[in-house]
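In what follows, a single structure is set out as structure tokens and then discussed.
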Amino acid sequence: MASTASYEKELAAAKKAASLAARLCQTVQKALVQSDVQSKSDKSPVTVADYGSQALVSLVLKTELPSESFSLVAEEDSSDLRKDGAQDTLRRITELVNSTLSIDGTYNITLSEEDVLVAIDSGKSEGGRNGRHWVLDPIDGTKGFLRGDQYAIALALLDEGRVVLGVLACPNLPLTSIAIPDEHSSHKQVGCLFSAKIGDGAFMQSLNGSSSAKIHVSAIENSKDASFFESFEAAHSMHDLSSVIAEKLGVQAPPVRIDSQAKYGALARGDGAIYLRFPHKGYREKIWDHAAGYIVVTEAGGVATDAAGNNLDFSKGRYLDLDTGIIVTNKKLMPALLKAVQDAVKEKSQSASLL
Ligand SMILES: Nc1ncnc2c1ncn2[C@@H]1O[C@H](COP(=O)(O)O)[C@@H](O)[C@H]1OP(=O)(O)O
Ligand SMILES: [Mg+2]
Ligand SMILES: [Mg+2]
Ligand SMILES: [Mg+2]
């Protein structure tokens with residue numbers, strides 16, 4: 001039964017898997033940031049890190065939890081890597097996975113290229129409301145990764161359709177608040193690991209392995225004092241709609257634009273009070289883009305719903321069925337936020353029908 005399980009060892013395995021994947025991604029991103037302009041336009045580093053991260057997470061979960069049946073819903077699959085011309089990429093991924101494993105030293109394993117493909121392809125599950133399913137985005141925020149900005153490794157566990165635990169590794173997120181940008185920001189210590197287990201609260205620790213501290217969403221009650229997060233990429237979210245909502249709420253601070261589910265982590269520790277996400281028409285949200293962030297923020301005392309105020313339902317397979325968008329905030333601000341969202345959405349659709 002989902003309600004009596006403690007998920008203790010699953011959480012430990014998830015933290016281990018995400019931390020190791022973060023180490024692999026950092027290795028690649030560091031080389032990328034130092035590389036010349038020409039190689040920066042090359043998308044292959046993120047491809048290598050993306051597949052490498054998925055292979056490592058799958059391997060660590062299977063190794064740490066050998067007695068459990070294994071189902072993984074993940075973003076990537078190996079079909080492109082099995083094509084002619086991908087041999088070099090597959091070789092680079094395999095080397096990267098093996099060197100990350102050997103630096104860590106916990107596992108005395110060397111993977112073959114075929115092992116890597118098999119590990120990646122354990123992620124083909126469809127999820128759903130029965131049984132347990134891991135949910136993984138091996139790199140969330142690929143655009144941020146390529147820019148040298150924020151990205152996350154996002155891993156969650158579904159049990160009978162509910163998110164029961166989640167971890168978010170954010171290698172570039174400062175350990176202290178990002179609410180006040182300061183000129184010394186380049187000296188800030190970075191690398192956060194957020195984790196949450198159902199009924200147990202949410203925690204943050206350094207990816208370098210310090211002890212974890214409990215985190216809470218902002219206690220702000222007056223929306224005028226709130227600040228909000230949205231996607232860095234305008235193509236991912238309707239920034240015009242979020243600015244209308246912010247105006248209706250009387251929010252005075254400009255939006256903080258960052259990539260990836262790092263937004264959920266930052267919100268869960270109170271760096272900002274609202275996260276607005278309104279993808280353009282026709283975009284379907286995937287469960288791996290929200291499951292880990294959702295439990296981190298809700299266990300930190302926050303609420304996340306769609307624009308109709310419905311709870312997010314992770315039990316429908318690989319996609320989330322949503323009304324319009326996703327809104328996240330604390331319990332005090334949610335009623336006013338929901339009203340502002342619904343008014344703004346109504347006005348937008350009325351003005352669209354007048355055109
Ligand atoms: N057109 C799109 N609209 C919304 N989200 C998108 C779009 N294209 C990709 N994404 C996904 O949005 C998430 C990043 O969102 P953001 O940084 O805007 O919060 C990622 O999951 C990214 O995929 P990926 O995981 O491949 O990076
Ligand atoms: Mg993603
Ligand atoms: Mg991704
Ligand atoms: Mg992607």
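Here's how to read the names in the structure tokens: chain A, B, ... by the order shown, residue numbers from 1 in each chain, ligand numbers from 1 in the order shown.
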Given only C-alpha atoms and all ligand atoms, how would the per-residue table for chain A near ligand 4 read, listing every residue at most 12 Å away with its closest atom pair and distance in Å to one decimal, sorted by chain and number, as a tab-separated table?
residue	atom	partner	partner_atom_place_in_ligand_line	distance
A:Lys43	CA	ligand 4	1 (Mg)	11.8
A:Val46	CA	ligand 4	1 (Mg)	9.7
A:Thr47	CA	ligand 4	1 (Mg)	9.2
A:Ala49	CA	ligand 4	1 (Mg)	11.6
A:Asp50	CA	ligand 4	1 (Mg)	8.4
A:Tyr51	CA	ligand 4	1 (Mg)	10.6
A:Gln54	CA	ligand 4	1 (Mg)	11.9
A:Ala74	CA	ligand 4	1 (Mg)	10.4
A:Glu75	CA	ligand 4	1 (Mg)	6.8
A:Glu76	CA	ligand 4	1 (Mg)	7.6
A:Asp77	CA	ligand 4	1 (Mg)	11.0
A:Leu136	CA	ligand 4	1 (Mg)	11.4
A:Asp137	CA	ligand 4	1 (Mg)	8.2
A:Pro138	CA	ligand 4	1 (Mg)	8.9
A:Ile139	CA	ligand 4	1 (Mg)	7.5
A:Asp140	CA	ligand 4	1 (Mg)	7.1
A:Gly141	CA	ligand 4	1 (Mg)	7.7
A:Thr142	CA	ligand 4	1 (Mg)	6.5
A:Lys143	CA	ligand 4	1 (Mg)	9.1
A:Gly144	CA	ligand 4	1 (Mg)	11.5
A:Phe145	CA	ligand 4	1 (Mg)	11.3
A:Tyr151	CA	ligand 4	1 (Mg)	11.6
A:Ala152	CA	ligand 4	1 (Mg)	12.0
A:Ile153	CA	ligand 4	1 (Mg)	12.0
A:Ser260	CA	ligand 4	1 (Mg)	11.0
A:Glu285	CA	ligand 4	1 (Mg)	11.7
A:Lys286	CA	ligand 4	1 (Mg)	10.4
A:Trp288	CA	ligand 4	1 (Mg)	10.4
A:Asp289	CA	ligand 4	1 (Mg)	9.7
Q. Contacts of range 13-29 of chain A at 7 Å or less, counting only C-alpha atoms, minus same-chain residues fewer than 3 places along, as a PyMOL selection string?
A. chain A and resi 9-10+32-33+45+49+53+56-57+60-61+64+100+145+148+153+155+167+169+171+207
_Can you pull out the residues contacting Arg82 in chain A? Cut-off 12 Å, using only C-alpha atoms, and skip same-chain residues under 5 positions away; I want them as a PyMOL selection string._
chain A and resi 77+87-91+113-114+116-118+120-121
- Message: Between CA of Ile245 in chain A and CA of Ala344 in chain A, what is the distance in Å, rounded to a tenth?
- Response: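 Rounded to one decimal, the two atoms are 6.0 Å apart.
With distances restricted to only C-alpha atoms, A:Ser227 is the closest residue to Ile178 in chain A from A:Thr324, A:Ser99, A:Ser227, A:Gln252.
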If you run DSSP on the backbone here, which positions in range 106-309 of chain A get helix (DSSP H, G or I)? Please write them as a VMD selection string.
chain A and resid 113 to 121 142 to 147 185 to 187 223 to 225 234 to 236 239 to 249 262 to 268 287 to 289 291 to 299
Could you dump the residues just selected with N, CA and C atoms as a short mmCIF file (atom, residue, chain, number, x, y, z; two decimals), in the first residue's frame?
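Below is the file that was written, again-v1.cif:
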data_model
loop_
_atom_site.label_atom_id
_atom_site.label_comp_id
_atom_site.auth_asym_id
_atom_site.auth_seq_id
_atom_site.Cartn_x
_atom_site.Cartn_y
_atom_site.Cartn_z
N GLU A 113 29.27 -0.17 -24.44
CA GLU A 113 28.35 0.71 -25.17
C GLU A 113 26.94 0.12 -25.16
N GLU A 114 26.85 -1.20 -25.30
CA GLU A 114 25.53 -1.84 -25.28
C GLU A 114 24.86 -1.67 -23.90
N ASP A 115 25.66 -1.80 -22.82
CA ASP A 115 25.09 -1.57 -21.47
C ASP A 115 24.49 -0.17 -21.36
N VAL A 116 25.18 0.81 -21.96
CA VAL A 116 24.71 2.20 -21.89
C VAL A 116 23.37 2.32 -22.63
N LEU A 117 23.30 1.71 -23.83
CA LEU A 117 22.05 1.77 -24.59
C LEU A 117 20.90 1.13 -23.82
N VAL A 118 21.19 -0.03 -23.20
CA VAL A 118 20.16 -0.74 -22.44
C VAL A 118 19.71 0.11 -21.25
N ALA A 119 20.67 0.73 -20.56
CA ALA A 119 20.32 1.57 -19.40
C ALA A 119 19.43 2.73 -19.84
N ILE A 120 19.78 3.36 -20.97
CA ILE A 120 18.97 4.48 -21.46
C ILE A 120 17.55 4.01 -21.78
N ASP A 121 17.46 2.84 -22.38
CA ASP A 121 16.15 2.34 -22.81
C ASP A 121 15.30 1.75 -21.70
N THR A 142 17.58 22.33 -21.21
CA THR A 142 18.75 22.16 -22.11
C THR A 142 19.25 23.51 -22.63
N LYS A 143 18.34 24.44 -22.83
CA LYS A 143 18.75 25.78 -23.31
C LYS A 143 19.63 26.47 -22.26
N GLY A 144 19.24 26.34 -21.02
CA GLY A 144 20.03 26.91 -19.92
C GLY A 144 21.40 26.25 -19.82
N PHE A 145 21.40 24.95 -19.99
CA PHE A 145 22.66 24.19 -19.95
C PHE A 145 23.62 24.72 -21.01
N LEU A 146 23.12 24.92 -22.23
CA LEU A 146 23.98 25.39 -23.32
C LEU A 146 24.49 26.81 -23.10
N ARG A 147 23.68 27.62 -22.44
CA ARG A 147 24.09 29.00 -22.14
C ARG A 147 25.04 29.08 -20.96
N SER A 185 27.80 38.03 -7.36
CA SER A 185 27.11 36.75 -7.56
C SER A 185 28.04 35.68 -8.13
N SER A 186 29.08 36.10 -8.86
CA SER A 186 29.96 35.09 -9.44
C SER A 186 30.78 34.37 -8.36
N HIS A 187 30.82 34.96 -7.14
CA HIS A 187 31.59 34.30 -6.07
C HIS A 187 30.71 33.41 -5.20
N SER A 223 0.32 40.22 -2.07
CA SER A 223 0.92 39.96 -3.38
C SER A 223 1.80 41.12 -3.86
N LYS A 224 1.60 42.31 -3.32
CA LYS A 224 2.45 43.44 -3.72
C LYS A 224 3.92 43.19 -3.39
N ASP A 225 4.13 42.40 -2.33
CA ASP A 225 5.50 42.10 -1.90
C ASP A 225 6.07 40.84 -2.57
N ALA A 234 11.42 32.84 -23.82
CA ALA A 234 10.09 33.34 -24.14
C ALA A 234 9.29 32.31 -24.94
N ALA A 235 9.98 31.47 -25.69
CA ALA A 235 9.29 30.46 -26.49
C ALA A 235 8.61 29.39 -25.62
N HIS A 236 9.00 29.31 -24.34
CA HIS A 236 8.45 28.27 -23.46
C HIS A 236 7.23 28.74 -22.68
N HIS A 239 5.02 35.22 -21.75
CA HIS A 239 5.43 36.25 -20.80
C HIS A 239 4.44 37.41 -20.75
N ASP A 240 3.76 37.67 -21.89
CA ASP A 240 2.77 38.76 -21.88
C ASP A 240 1.63 38.45 -20.92
N LEU A 241 1.21 37.18 -20.89
CA LEU A 241 0.13 36.80 -19.97
C LEU A 241 0.60 36.90 -18.51
N SER A 242 1.82 36.43 -18.23
CA SER A 242 2.29 36.55 -16.84
C SER A 242 2.41 38.01 -16.41
N SER A 243 2.76 38.90 -17.34
CA SER A 243 2.88 40.29 -16.89
C SER A 243 1.50 40.89 -16.60
N VAL A 244 0.48 40.48 -17.34
CA VAL A 244 -0.89 40.95 -17.03
C VAL A 244 -1.31 40.43 -15.65
N ILE A 245 -1.01 39.17 -15.37
CA ILE A 245 -1.37 38.58 -14.07
C ILE A 245 -0.65 39.32 -12.94
N ALA A 246 0.65 39.57 -13.15
CA ALA A 246 1.43 40.27 -12.13
C ALA A 246 0.85 41.66 -11.87
N GLU A 247 0.44 42.32 -12.93
CA GLU A 247 -0.14 43.66 -12.79
C GLU A 247 -1.44 43.61 -11.99
N LYS A 248 -2.29 42.63 -12.30
CA LYS A 248 -3.55 42.47 -11.56
C LYS A 248 -3.31 42.23 -10.08
N LEU A 249 -2.23 41.53 -9.76
CA LEU A 249 -1.92 41.21 -8.37
C LEU A 249 -1.20 42.37 -7.67
N ALA A 262 14.71 24.31 -11.61
CA ALA A 262 15.37 25.09 -10.56
C ALA A 262 14.39 26.13 -10.00
N LYS A 263 13.42 26.55 -10.83
CA LYS A 263 12.39 27.50 -10.35
C LYS A 263 11.60 26.91 -9.17
N TYR A 264 11.26 25.62 -9.26
CA TYR A 264 10.53 25.00 -8.15
C TYR A 264 11.39 24.96 -6.89
N GLY A 265 12.67 24.66 -7.05
CA GLY A 265 13.56 24.62 -5.90
C GLY A 265 13.69 25.99 -5.26
N ALA A 266 13.90 27.01 -6.10
CA ALA A 266 14.06 28.38 -5.58
C ALA A 266 12.78 28.83 -4.87
N LEU A 267 11.63 28.45 -5.44
CA LEU A 267 10.36 28.82 -4.81
C LEU A 267 10.18 28.08 -3.49
N ALA A 268 10.57 26.81 -3.46
CA ALA A 268 10.39 25.98 -2.26
C ALA A 268 11.19 26.53 -1.08
N ILE A 287 5.21 14.69 -17.71
CA ILE A 287 5.27 14.52 -16.25
C ILE A 287 6.68 14.75 -15.71
N TRP A 288 7.72 14.41 -16.51
CA TRP A 288 9.09 14.56 -15.97
C TRP A 288 9.51 16.02 -15.84
N ASP A 289 8.76 16.93 -16.46
CA ASP A 289 9.08 18.35 -16.32
C ASP A 289 8.52 18.96 -15.04
N ALA A 291 7.16 16.56 -12.02
CA ALA A 291 6.91 15.67 -10.87
C ALA A 291 7.83 15.98 -9.69
N ALA A 292 9.13 16.07 -9.93
CA ALA A 292 10.07 16.31 -8.82
C ALA A 292 9.86 17.69 -8.23
N GLY A 293 9.72 18.69 -9.09
CA GLY A 293 9.50 20.06 -8.62
C GLY A 293 8.22 20.18 -7.81
N TYR A 294 7.20 19.47 -8.27
CA TYR A 294 5.89 19.51 -7.61
C TYR A 294 5.99 19.02 -6.16
N ILE A 295 6.65 17.89 -5.93
CA ILE A 295 6.68 17.38 -4.54
C ILE A 295 7.61 18.21 -3.67
N VAL A 296 8.69 18.73 -4.26
CA VAL A 296 9.58 19.60 -3.47
C VAL A 296 8.81 20.84 -2.99
N VAL A 297 8.05 21.43 -3.88
CA VAL A 297 7.36 22.67 -3.52
C VAL A 297 6.15 22.40 -2.61
N THR A 298 5.42 21.32 -2.85
CA THR A 298 4.24 21.07 -2.00
C THR A 298 4.68 20.63 -0.60
N GLU A 299 5.75 19.85 -0.50
CA GLU A 299 6.26 19.45 0.82
C GLU A 299 6.88 20.63 1.57
#
Checklist entry - So which residues of range 11-226 of chain A fall under strand (DSSP E or B) by DSSP, listed as an NGL selection string? => result :A and (72-74 or 124 or 132-140 or 152-159 or 162-174 or 190-197 or 202-206 or 213-215)
*asked:* as a ChimeraX atom specification, please: the residues near Val217 in chain A (cut-off 8 Å, only C-alpha atoms, same-chain neighbours under 4 positions excluded).
replied: /A:267-270,273,297,300-302,329-330
Could the residues in this selection be written to a file with N, CA, C and O atoms, as a short mmCIF file (atom, residue, chain, number, x, y, z; two decimals), in the first residue's frame?
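Result saved to again-v5.cif:
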data_model
loop_
_atom_site.label_atom_id
_atom_site.label_comp_id
_atom_site.auth_asym_id
_atom_site.auth_seq_id
_atom_site.Cartn_x
_atom_site.Cartn_y
_atom_site.Cartn_z
N LEU A 267 11.63 28.45 -5.44
CA LEU A 267 10.36 28.82 -4.81
C LEU A 267 10.18 28.08 -3.49
O LEU A 267 9.71 28.65 -2.49
N ALA A 268 10.57 26.81 -3.46
CA ALA A 268 10.39 25.98 -2.26
C ALA A 268 11.19 26.53 -1.08
O ALA A 268 10.80 26.33 0.07
N ARG A 269 12.30 27.24 -1.35
CA ARG A 269 13.07 27.79 -0.22
C ARG A 269 12.77 29.27 -0.01
O ARG A 269 13.45 29.95 0.78
N GLY A 270 11.78 29.80 -0.73
CA GLY A 270 11.30 31.15 -0.46
C GLY A 270 12.02 32.27 -1.19
O GLY A 270 11.85 33.44 -0.84
N ALA A 273 7.85 34.10 -4.60
CA ALA A 273 6.59 33.59 -4.04
C ALA A 273 5.66 32.96 -5.07
O ALA A 273 4.71 32.29 -4.71
N VAL A 297 8.05 21.43 -3.88
CA VAL A 297 7.36 22.67 -3.52
C VAL A 297 6.15 22.40 -2.61
O VAL A 297 5.90 23.15 -1.66
N ALA A 300 7.25 21.68 0.82
CA ALA A 300 7.77 22.89 1.47
C ALA A 300 6.62 23.83 1.85
O ALA A 300 6.85 24.97 2.26
N GLY A 301 5.39 23.35 1.69
CA GLY A 301 4.23 24.14 2.11
C GLY A 301 3.54 24.90 0.98
O GLY A 301 2.63 25.69 1.23
N GLY A 302 3.98 24.68 -0.25
CA GLY A 302 3.38 25.40 -1.38
C GLY A 302 2.23 24.63 -2.01
O GLY A 302 1.90 23.52 -1.61
N THR A 329 2.41 28.65 -5.84
CA THR A 329 2.63 29.70 -4.85
C THR A 329 2.41 29.16 -3.44
O THR A 329 2.35 27.93 -3.26
N ASN A 330 2.30 30.04 -2.44
CA ASN A 330 2.00 29.54 -1.10
C ASN A 330 0.48 29.50 -0.89
O ASN A 330 -0.28 29.99 -1.73
#
